[in-house]
Each structure stands twice: as structure tokens, then as C-alpha cells.
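The next block holds one structure in the form of C-alpha cells; read it before the comments.
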Amino acid sequence: MSKLNYQKKWVQHLLVPATLAVFSQCSFAHTRLESPTVIQGVKVHNRLNVGHGCSIDAIGTKGGSTFAQSAIFPNAVSYTPIIGVDSSATGSTWNSATYTTQPASTFYSPLAGIGTLIREDGAWPITLQKTDAVGNNDGFSAGGKAYDQTVSASIQTSVATAAITIPATSCARSVTFMLAVADICDITVPSAIATDKEVLYWSPIPNFAGVPGQPFGSAKGNSTSTNIAGGIPVGPAYSNYDGYTDAAHTIAGDGWASPATLKVYRNITGTPATVANGVYTVAQPANPLPPGCTGHGGLGDDVYVFPSAAQINAEMPIFSGVNQKGTLYWK
């Protein structure tokens, strides 16, 4: 499709929004992966589900029609992600992690291509793979039709999540990738002035010990927010796409520090081959923890991988071509 026809298709659908609903196999309160937890070494036909539209009033009632979406998985080849390791004796959450400067290869591989768009007959008439400068798949943009989400429905985009391997020498028992997602209800409003009424962001905010520049927050903060332990602090933005409820960008939005996630578990005991309904599943070898791992009382560490602000700022905009080239449709 030529750039001109591609652009016309966006505009045509914008001027004549559809009042359609695409139902998921299950219900999602927010934008989340349909299979948010997977075992290492297994490629999964996954889906990113938009659980509801943008805000429609001052108190954050959801119901706006979603017109497009931009989604990014962390890339550790062309960018340097923020990585945290939680080894605490009790519980496990990303905001109890500690920043590490160890390279991503210490904890997982591949280092990019974590999420690859699957083009099929889905909800969106326009879909495009996002890539970095050397061709690694980092996510996707999709859209071209406004979906009414005032009924209980979610919009799905199919994506293949990679077969992640945790190195045998690593003490990680799990690796969680934090996605950066923008659900766009009004593509004519740029991110610089967008509120939750036009764009609803599900933003990864690495507010944990040792991260350079943290605590990230907003000009006014919000001590009562439950998005993060202790509320949203007063502080600088993490990226240009954190999300806000006001056009002046002083109050953090509904999806601030509430990203979609992909959690990969270490296959400590191995998985035998299976045959079910004519489908053969290949056996997966055991990957036990190496000696000397002390995290969580010897059970292993939980690792959290956030896309860098540089990656989010570069790849969140929607272009007509891969590698952020061609006609700019939204930024």
C-alpha cells in the first residue's frame, strides 16, 4: 500500500468511526496481554487486549472509543533497558527491586524481538511492526477504526511473544518484561498536550532503589494513588509518554506505572513432551538454579526489565513505515 493510500485509510476511518465491539475470550480491566505468564523456551501466540477506552469525564469514567494503539517491548540491543532484581525474603514486586548495571544477557536471551506482530484478520484495518535500526522487532502500531467500548468488550491485537531463555548461570527464577502502551482515542491530539480523554497510557515507571533519576512522578504527585506503593511522588517524568489527566501534564494519568507485563518463568524441573488433540509439544529440558543462589531464601531472583526512556521516546510515535520512518501520523 502506498504512503498516500495508507494515510487516506487512517483519515477515512477517523472521520467515520465504527460502533463495533470486539469480544475477547476473557475480560480485561486494563490493557494487558492475554497470556501474561509463560514458561521459558516457549514461543506463544499471544494477544494484547485493550480492556476499556479512554476517560470521558473529570472523574475518569471509561468509555471513549479506542481508535489506535502503539505498543513497545524492551530492547537490549539498540537501547539500554532499566533492570531491577528483587531478592527479598518475602513477596516479590517490581518496586521492591534494586537497580543493577549487569547486562541484560546476564538474565535472558534473546535481547530483542520479544514481541512480534502477527498479521491476521484482527480488529484493526492497519497494523505495522515496529523495529529498531537493525531490524529487531520491538512491538507494533495498529488502528484505523474507532471501537465503542461502552459495552463489556476488549480489542485484540495478535503478537508472538518470543521463546525466552534464562541462562543456566543466572540466579533468576523469573524475568518480567514491562511494556509501554498507548491506547489512542483521538489521534489528532499530540502526546505533548494529550490527557486521559485522548490517549490512555499504560506506562512503565522504574521507581525502585538505585535507578538514576528516580523517583519519577508528576508536578503535583498523588499520595493516595494505588498504582505504586506510597503513591505517585512529585518528580520528573520518566519518558515523554507517561500519561496525564490534564493538558498541562501536572497530574499522573490512570495508567501511570500500570504497564502490561510478560512474565517468563524458569523451567527448573523440565517439561515432558505431550500430545493433546493431535498437537505435539516438544519436551523442555530442566534449567535448575546454579549453586549459591540466595534470593527468596534460595528460590531465585525475580528480574524486571523496563524499556529505556530513549526507546519509548523513539518508538512510541506512529509512522507509516518500520524503524520510525515515513509519514508521521501521531507523536
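Letters for chains follow the order of the C-alpha cells (A, B, ...), residue numbers begin at 1 for each chain, and ligand numbers begin at 1 in the order shown.
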
Exercise for review: Please identify all polymer residues within 9 Å of Pro215 in chain A, counting only C-alpha atoms, omitting same-chain residues fewer than 3 positions from it, and present them as a ChimeraX atom specification.
Suggested key: /A:206-209,211-212,233-236,238

For range 28-96 of chain A against range 139-150 of chain A, with a cut-off of 7 Å and counting only C-alpha atoms, what is the closest atom pair and its distance in Å to one decimal for every residue that makes the cut, ordered by chain and number, as JSON lines?
{"residue": "A:His52", "atom": "CA", "partner": "A:Gln149", "partner_atom": "CA", "distance": 5.9}
{"residue": "A:Gly53", "atom": "CA", "partner": "A:Gln149", "partner_atom": "CA", "distance": 5.8}
{"residue": "A:Gly63", "atom": "CA", "partner": "A:Thr150", "partner_atom": "CA", "distance": 4.9}
{"residue": "A:Gly64", "atom": "CA", "partner": "A:Gln149", "partner_atom": "CA", "distance": 6.8}
{"residue": "A:Ser65", "atom": "CA", "partner": "A:Asp148", "partner_atom": "CA", "distance": 4.6}
{"residue": "A:Thr66", "atom": "CA", "partner": "A:Ala146", "partner_atom": "CA", "distance": 5.2}
{"residue": "A:Phe67", "atom": "CA", "partner": "A:Ala146", "partner_atom": "CA", "distance": 4.0}
{"residue": "A:Ala68", "atom": "CA", "partner": "A:Gly143", "partner_atom": "CA", "distance": 3.8}
{"residue": "A:Gln69", "atom": "CA", "partner": "A:Ala142", "partner_atom": "CA", "distance": 5.3}
{"residue": "A:Ser70", "atom": "CA", "partner": "A:Ser141", "partner_atom": "CA", "distance": 4.4}
{"residue": "A:Ala71", "atom": "CA", "partner": "A:Gly139", "partner_atom": "CA", "distance": 5.4}
{"residue": "A:Ile72", "atom": "CA", "partner": "A:Gly139", "partner_atom": "CA", "distance": 4.5}
{"residue": "A:Phe73", "atom": "CA", "partner": "A:Gly139", "partner_atom": "CA", "distance": 5.7}

For the residues in the current selection, export N, CA and C atoms as a PDB file, in the first residue's frame.
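selection_28.pdb written:
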ATOM      1  N   HIS A  52     -10.541  -1.332  28.011  1.00  0.00           N
ATOM      2  CA  HIS A  52     -11.531  -0.253  28.013  1.00  0.00           C
ATOM      3  C   HIS A  52     -10.971   0.956  27.292  1.00  0.00           C
ATOM      4  N   GLY A  53     -11.850   1.884  26.954  1.00  0.00           N
ATOM      5  CA  GLY A  53     -11.436   3.082  26.244  1.00  0.00           C
ATOM      6  C   GLY A  53     -10.929   4.163  27.179  1.00  0.00           C
ATOM      7  N   GLY A  63     -14.923   5.016  28.735  1.00  0.00           N
ATOM      8  CA  GLY A  63     -15.959   4.784  27.737  1.00  0.00           C
ATOM      9  C   GLY A  63     -15.633   5.362  26.384  1.00  0.00           C
ATOM     10  N   GLY A  64     -14.495   6.055  26.267  1.00  0.00           N
ATOM     11  CA  GLY A  64     -14.112   6.609  24.978  1.00  0.00           C
ATOM     12  C   GLY A  64     -13.795   5.513  23.972  1.00  0.00           C
ATOM     13  N   SER A  65     -14.064   5.779  22.707  1.00  0.00           N
ATOM     14  CA  SER A  65     -13.795   4.797  21.652  1.00  0.00           C
ATOM     15  C   SER A  65     -12.310   4.780  21.314  1.00  0.00           C
ATOM     16  N   THR A  66     -11.708   3.597  21.318  1.00  0.00           N
ATOM     17  CA  THR A  66     -10.285   3.452  21.021  1.00  0.00           C
ATOM     18  C   THR A  66     -10.082   3.356  19.518  1.00  0.00           C
ATOM     19  N   PHE A  67      -9.216   4.221  18.986  1.00  0.00           N
ATOM     20  CA  PHE A  67      -9.005   4.327  17.543  1.00  0.00           C
ATOM     21  C   PHE A  67      -7.698   3.683  17.087  1.00  0.00           C
ATOM     22  N   ALA A  68      -6.689   3.660  17.958  1.00  0.00           N
ATOM     23  CA  ALA A  68      -5.380   3.133  17.566  1.00  0.00           C
ATOM     24  C   ALA A  68      -4.605   2.734  18.813  1.00  0.00           C
ATOM     25  N   GLN A  69      -3.503   2.040  18.580  1.00  0.00           N
ATOM     26  CA  GLN A  69      -2.671   1.583  19.689  1.00  0.00           C
ATOM     27  C   GLN A  69      -1.213   1.553  19.250  1.00  0.00           C
ATOM     28  N   SER A  70      -0.321   1.873  20.196  1.00  0.00           N
ATOM     29  CA  SER A  70       1.115   1.763  19.972  1.00  0.00           C
ATOM     30  C   SER A  70       1.705   1.014  21.154  1.00  0.00           C
ATOM     31  N   ALA A  71       2.492  -0.039  20.880  1.00  0.00           N
ATOM     32  CA  ALA A  71       2.997  -0.897  21.955  1.00  0.00           C
ATOM     33  C   ALA A  71       4.469  -1.221  21.732  1.00  0.00           C
ATOM     34  N   ILE A  72       5.238  -1.221  22.839  1.00  0.00           N
ATOM     35  CA  ILE A  72       6.687  -1.427  22.775  1.00  0.00           C
ATOM     36  C   ILE A  72       7.116  -2.456  23.820  1.00  0.00           C
ATOM     37  N   PHE A  73       7.945  -3.413  23.388  1.00  0.00           N
ATOM     38  CA  PHE A  73       8.599  -4.360  24.288  1.00  0.00           C
ATOM     39  C   PHE A  73      10.051  -3.905  24.495  1.00  0.00           C
TER      40      PHE A  73
END

Exercise for review: Measuring atom to atom with only C-alpha atoms, identify which of A:Pro110, A:Pro272, A:Gly255, A:Asp86 is nearest to Pro167 in chain A.
Suggested key: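 Among A:Pro110, A:Pro272, A:Gly255, A:Asp86, it is A:Pro110 that comes nearest to Pro167 in chain A.
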
Exercise for review: Find the residue from A:Pro307, A:Gly253, A:Gly278, A:Gly295 that sits nearest to Ala104 in chain A; use only C-alpha atoms when measuring.
Suggested key: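 Of all the options, A:Pro307 lies closest to Ala104 in chain A.
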
Exercise for review: Compile the contact shell of Val50 in chain A as number ranges by chain: residues with an atom at most 9 Å away, counting only C-alpha atoms, same-chain residues fewer than 2 positions apart removed.
Suggested key: A: 28-33, 48, 52-53, 66, 69, 153-157, 183

Could the residues in this selection be saved with C-alpha atoms as a compact mmCIF listing (two decimals), in the first residue's frame?
# COMPACT_ATOMS: atom_id res chain seq x y z
CA PHE A 28 -9.68 -7.40 30.92
CA ALA A 29 -9.95 -4.41 33.23
CA HIS A 30 -6.99 -2.67 31.59
CA THR A 31 -4.71 -3.16 28.59
CA ARG A 32 -2.95 -6.45 29.24
CA LEU A 33 -1.50 -9.47 27.46
CA LEU A 48 -2.61 -7.59 23.61
CA HIS A 52 -11.53 -0.25 28.01
CA GLY A 53 -11.44 3.08 26.24
CA THR A 66 -10.29 3.45 21.02
CA GLN A 69 -2.67 1.58 19.69
CA ALA A 153 -15.60 -5.87 25.30
CA SER A 154 -11.91 -5.78 24.56
CA ILE A 155 -9.96 -5.18 21.36
CA GLN A 156 -7.26 -7.70 20.48
CA THR A 157 -4.02 -7.50 18.53
CA ASP A 183 -4.30 3.42 23.64

Review point. Looking at A:Pro204, A:Gly230, A:Pro125, A:Gly60, which one is nearest to Val305 in chain A, with distances taken over only C-alpha atoms?
Key: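 The shortest atom-to-atom distance to Val305 in chain A comes from A:Pro204.
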
Practice item. Based on DSSP run over this structure's backbone, return all residues of range 157-315 of chain A in helix (DSSP H, G or I), as a PyMOL selection string. Key: chain A and resi 295-298+309-315

Review point. What's the 8 Å shell around Thr80 in chain A, counting only C-alpha atoms, without same-chain residues fewer than 3 positions away, as JSON, numbers by chain?
Key: {"A": [75, 76, 77, 307, 308]}

Could those selected residues go to a file with all heavy atoms, as a PDB file, in the first residue's frame?
ATOM      1  N   ASN A  75      13.966  -3.488  24.490  1.00  0.00           N
ATOM      2  CA  ASN A  75      15.019  -3.866  23.550  1.00  0.00           C
ATOM      3  C   ASN A  75      16.361  -3.604  24.226  1.00  0.00           C
ATOM      4  O   ASN A  75      16.635  -2.489  24.674  1.00  0.00           O
ATOM      5  CB  ASN A  75      14.882  -3.022  22.276  1.00  0.00           C
ATOM      6  CG  ASN A  75      15.982  -3.259  21.257  1.00  0.00           C
ATOM      7  OD1 ASN A  75      17.153  -3.389  21.589  1.00  0.00           O
ATOM      8  ND2 ASN A  75      15.615  -3.271  19.985  1.00  0.00           N
ATOM      9  N   ALA A  76      17.206  -4.643  24.307  1.00  0.00           N
ATOM     10  CA  ALA A  76      18.517  -4.507  24.948  1.00  0.00           C
ATOM     11  C   ALA A  76      19.656  -4.611  23.941  1.00  0.00           C
ATOM     12  O   ALA A  76      20.804  -4.817  24.326  1.00  0.00           O
ATOM     13  CB  ALA A  76      18.683  -5.567  26.034  1.00  0.00           C
ATOM     14  N   VAL A  77      19.334  -4.450  22.647  1.00  0.00           N
ATOM     15  CA  VAL A  77      20.358  -4.443  21.607  1.00  0.00           C
ATOM     16  C   VAL A  77      20.684  -3.014  21.197  1.00  0.00           C
ATOM     17  O   VAL A  77      21.839  -2.585  21.232  1.00  0.00           O
ATOM     18  CB  VAL A  77      19.909  -5.263  20.381  1.00  0.00           C
ATOM     19  CG1 VAL A  77      20.908  -5.114  19.236  1.00  0.00           C
ATOM     20  CG2 VAL A  77      19.757  -6.731  20.748  1.00  0.00           C
ATOM     21  N   PRO A 307      11.675  -0.895  29.415  1.00  0.00           N
ATOM     22  CA  PRO A 307      12.260  -0.220  28.252  1.00  0.00           C
ATOM     23  C   PRO A 307      12.855   1.113  28.683  1.00  0.00           C
ATOM     24  O   PRO A 307      12.307   1.797  29.552  1.00  0.00           O
ATOM     25  CB  PRO A 307      11.070  -0.028  27.312  1.00  0.00           C
ATOM     26  CG  PRO A 307       9.860  -0.090  28.191  1.00  0.00           C
ATOM     27  CD  PRO A 307      10.211  -1.016  29.315  1.00  0.00           C
ATOM     28  N   SER A 308      13.976   1.470  28.105  1.00  0.00           N
ATOM     29  CA  SER A 308      14.593   2.750  28.446  1.00  0.00           C
ATOM     30  C   SER A 308      13.708   3.893  27.974  1.00  0.00           C
ATOM     31  O   SER A 308      12.900   3.749  27.048  1.00  0.00           O
ATOM     32  CB  SER A 308      15.970   2.866  27.799  1.00  0.00           C
ATOM     33  OG  SER A 308      15.844   2.969  26.387  1.00  0.00           O
TER      34      SER A 308
END

Any idea what's packed within 12 Å of Thr274 in chain A, counting only C-alpha atoms, ignoring anything in its chain fewer than 5 positions away? Could you give it as a compact mmCIF listing (two decimals) with N, CA and C atoms, in the first residue's frame?
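Output file out-v1.txt follows:
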# COMPACT_ATOMS: atom_id res chain seq x y z
N VAL A 279 -1.87 -32.30 18.74
CA VAL A 279 -0.80 -31.30 18.78
C VAL A 279 0.35 -31.83 19.63
N TYR A 280 1.54 -31.85 19.06
CA TYR A 280 2.72 -32.35 19.76
C TYR A 280 3.49 -31.18 20.37
N THR A 281 3.78 -31.29 21.65
CA THR A 281 4.57 -30.28 22.35
C THR A 281 5.94 -30.85 22.66
N VAL A 282 6.98 -30.15 22.24
CA VAL A 282 8.35 -30.62 22.42
C VAL A 282 8.75 -30.56 23.89
N ALA A 283 9.47 -31.56 24.34
CA ALA A 283 9.95 -31.58 25.72
C ALA A 283 10.93 -30.43 25.95
N GLN A 284 10.88 -29.86 27.15
CA GLN A 284 11.79 -28.79 27.53
C GLN A 284 12.71 -29.30 28.64

Review point. DSSP says strand (DSSP E) for which residues of range 63-179 of chain A? Put them as number ranges by chain?
Key: A: 66-72, 82-86, 98-100, 115-117, 126-131, 137-147, 155-161, 172-178

Saved selection, atoms kept: C-alpha atoms, as a CSV table (one decimal), in the first residue's frame:
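part-v5.csv, freshly written:
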chain,number,residue,atom,x,y,z
A,66,THR,CA,-10.3,3.5,21.0
A,67,PHE,CA,-9.0,4.3,17.5
A,68,ALA,CA,-5.4,3.1,17.6
A,69,GLN,CA,-2.7,1.6,19.7
A,70,SER,CA,1.1,1.8,20.0
A,71,ALA,CA,3.0,-0.9,22.0
A,72,ILE,CA,6.7,-1.4,22.8
A,82,ILE,CA,16.4,-0.4,33.1
A,83,ILE,CA,16.8,-3.7,35.0
A,84,GLY,CA,15.8,-4.4,38.6
A,85,VAL,CA,16.5,-7.5,40.7
A,86,ASP,CA,14.3,-8.5,43.6
A,98,THR,CA,17.2,-3.0,43.2
A,99,TYR,CA,18.7,-1.5,40.1
A,100,THR,CA,21.5,-3.4,38.5
A,115,GLY,CA,7.1,-9.2,20.8
A,116,THR,CA,6.4,-9.6,17.1
A,117,LEU,CA,3.2,-8.6,15.4
A,126,ILE,CA,-4.0,-1.1,9.7
A,127,THR,CA,-1.1,-2.8,11.5
A,128,LEU,CA,2.6,-2.2,11.4
A,129,GLN,CA,5.6,-3.8,13.0
A,130,LYS,CA,7.9,-1.5,15.0
A,131,THR,CA,11.6,-2.2,14.6
A,137,ASN,CA,11.0,-6.4,16.2
A,138,ASP,CA,10.1,-4.2,19.2
A,139,GLY,CA,6.3,-4.0,19.1
A,140,PHE,CA,3.6,-2.7,16.8
A,141,SER,CA,1.2,0.1,15.9
A,142,ALA,CA,-2.4,-0.7,15.0
A,143,GLY,CA,-5.5,1.2,14.3
A,144,GLY,CA,-7.7,2.9,11.8
A,145,LYS,CA,-11.1,2.3,13.3
A,146,ALA,CA,-12.8,3.7,16.4
A,147,TYR,CA,-14.3,0.9,18.6
A,155,ILE,CA,-10.0,-5.2,21.4
A,156,GLN,CA,-7.3,-7.7,20.5
A,157,THR,CA,-4.0,-7.5,18.5
A,158,SER,CA,-2.2,-10.8,18.0
A,159,VAL,CA,1.5,-10.8,18.8
A,160,ALA,CA,4.1,-13.6,19.1
A,161,THR,CA,6.0,-13.5,22.3
A,172,ALA,CA,16.8,-15.6,38.0
A,173,ARG,CA,13.7,-17.7,38.7
A,174,SER,CA,11.7,-15.3,36.6
A,175,VAL,CA,12.1,-12.4,34.1
A,176,THR,CA,9.3,-9.9,33.7
A,177,PHE,CA,9.2,-7.5,30.7
A,178,MET,CA,7.3,-4.3,31.2

Check your understanding: Using only C-alpha atoms, which residues sit within 12 Å of Val264 in chain A once same-chain residues fewer than 4 positions away are excluded, as an NGL selection string?
Key -> :A and (35-44 or 107-109 or 114 or 161-166 or 172-178 or 302-305)

Kindly export the residues of the current selection with N, CA and C atoms, as an mmCIF file, in the first residue's frame.
data_model
loop_
_atom_site.group_PDB
_atom_site.id
_atom_site.type_symbol
_atom_site.label_atom_id
_atom_site.label_comp_id
_atom_site.auth_asym_id
_atom_site.auth_seq_id
_atom_site.Cartn_x
_atom_site.Cartn_y
_atom_site.Cartn_z
ATOM 1 N N SER A 35 -1.954 -13.756 27.641
ATOM 2 C CA SER A 35 -1.139 -14.740 28.370
ATOM 3 C C SER A 35 0.041 -14.000 28.985
ATOM 4 N N PRO A 36 -0.141 -13.434 30.182
ATOM 5 C CA PRO A 36 0.910 -12.608 30.781
ATOM 6 C C PRO A 36 2.018 -13.408 31.446
ATOM 7 N N THR A 37 1.815 -14.705 31.652
ATOM 8 C CA THR A 37 2.851 -15.549 32.244
ATOM 9 C C THR A 37 3.097 -16.744 31.327
ATOM 10 N N VAL A 38 4.372 -17.008 31.040
ATOM 11 C CA VAL A 38 4.751 -18.107 30.154
ATOM 12 C C VAL A 38 5.970 -18.811 30.737
ATOM 13 N N ILE A 39 6.223 -20.012 30.255
ATOM 14 C CA ILE A 39 7.400 -20.759 30.673
ATOM 15 C C ILE A 39 8.542 -20.458 29.704
ATOM 16 N N GLN A 40 9.758 -20.480 30.180
ATOM 17 C CA GLN A 40 10.893 -20.180 29.317
ATOM 18 C C GLN A 40 10.984 -21.170 28.159
ATOM 19 N N GLY A 41 11.546 -20.704 27.048
ATOM 20 C CA GLY A 41 11.789 -21.571 25.905
ATOM 21 C C GLY A 41 10.590 -21.848 25.032
ATOM 22 N N VAL A 42 9.456 -21.185 25.290
ATOM 23 C CA VAL A 42 8.239 -21.452 24.527
ATOM 24 C C VAL A 42 7.752 -20.164 23.864
ATOM 25 N N LYS A 43 7.639 -20.188 22.544
ATOM 26 C CA LYS A 43 7.063 -19.073 21.806
ATOM 27 C C LYS A 43 5.544 -19.170 21.888
ATOM 28 N N VAL A 44 4.888 -18.060 22.196
ATOM 29 C CA VAL A 44 3.445 -18.081 22.451
ATOM 30 C C VAL A 44 2.717 -17.164 21.476
ATOM 31 N N PHE A 107 20.675 -12.213 32.289
ATOM 32 C CA PHE A 107 19.393 -12.713 32.769
ATOM 33 C C PHE A 107 18.530 -13.399 31.715
ATOM 34 N N TYR A 108 18.706 -13.051 30.438
ATOM 35 C CA TYR A 108 17.810 -13.629 29.431
ATOM 36 C C TYR A 108 18.380 -13.462 28.028
ATOM 37 N N SER A 109 17.813 -14.230 27.113
ATOM 38 C CA SER A 109 18.046 -14.066 25.681
ATOM 39 C C SER A 109 16.800 -14.590 24.949
ATOM 40 N N ILE A 114 11.268 -9.392 21.451
ATOM 41 C CA ILE A 114 10.441 -10.022 22.487
ATOM 42 C C ILE A 114 8.984 -10.124 22.034
ATOM 43 N N THR A 161 4.977 -13.750 21.329
ATOM 44 C CA THR A 161 5.988 -13.453 22.345
ATOM 45 C C THR A 161 7.078 -14.516 22.253
ATOM 46 N N ALA A 162 8.320 -14.056 22.259
ATOM 47 C CA ALA A 162 9.471 -14.892 21.928
ATOM 48 C C ALA A 162 9.702 -16.009 22.941
ATOM 49 N N ALA A 163 10.421 -17.033 22.487
ATOM 50 C CA ALA A 163 10.847 -18.126 23.363
ATOM 51 C C ALA A 163 12.068 -17.649 24.147
ATOM 52 N N ILE A 164 11.811 -17.080 25.308
ATOM 53 C CA ILE A 164 12.879 -16.506 26.127
ATOM 54 C C ILE A 164 13.629 -17.609 26.868
ATOM 55 N N THR A 165 14.946 -17.512 26.884
ATOM 56 C CA THR A 165 15.788 -18.449 27.618
ATOM 57 C C THR A 165 16.468 -17.735 28.781
ATOM 58 N N ILE A 166 16.438 -18.348 29.945
ATOM 59 C CA ILE A 166 17.160 -17.835 31.110
ATOM 60 C C ILE A 166 18.466 -18.619 31.218
ATOM 61 N N ALA A 172 18.222 -16.028 38.232
ATOM 62 C CA ALA A 172 16.845 -15.577 38.016
ATOM 63 C C ALA A 172 15.887 -16.764 38.004
ATOM 64 N N ARG A 173 14.808 -16.650 38.777
ATOM 65 C CA ARG A 173 13.740 -17.652 38.695
ATOM 66 C C ARG A 173 12.629 -17.167 37.765
ATOM 67 N N SER A 174 12.622 -15.848 37.507
ATOM 68 C CA SER A 174 11.658 -15.283 36.567
ATOM 69 C C SER A 174 12.224 -13.994 35.994
ATOM 70 N N VAL A 175 11.775 -13.660 34.782
ATOM 71 C CA VAL A 175 12.118 -12.390 34.141
ATOM 72 C C VAL A 175 10.814 -11.777 33.640
ATOM 73 N N THR A 176 10.521 -10.553 34.083
ATOM 74 C CA THR A 176 9.286 -9.877 33.689
ATOM 75 C C THR A 176 9.613 -8.678 32.813
ATOM 76 N N PHE A 177 9.023 -8.660 31.622
ATOM 77 C CA PHE A 177 9.204 -7.549 30.691
ATOM 78 C C PHE A 177 8.024 -6.590 30.836
ATOM 79 N N MET A 178 8.341 -5.311 31.022
ATOM 80 C CA MET A 178 7.325 -4.282 31.178
ATOM 81 C C MET A 178 7.099 -3.599 29.827
ATOM 82 N N ASP A 302 13.796 -12.524 41.188
ATOM 83 C CA ASP A 302 12.828 -12.043 40.204
ATOM 84 C C ASP A 302 13.420 -10.816 39.529
ATOM 85 N N VAL A 303 13.486 -10.850 38.211
ATOM 86 C CA VAL A 303 14.126 -9.796 37.429
ATOM 87 C C VAL A 303 13.055 -9.026 36.659
ATOM 88 N N TYR A 304 13.188 -7.698 36.633
ATOM 89 C CA TYR A 304 12.216 -6.833 35.963
ATOM 90 C C TYR A 304 12.945 -5.975 34.935
ATOM 91 N N VAL A 305 12.433 -5.975 33.706
ATOM 92 C CA VAL A 305 13.091 -5.286 32.597
ATOM 93 C C VAL A 305 12.164 -4.198 32.054
#
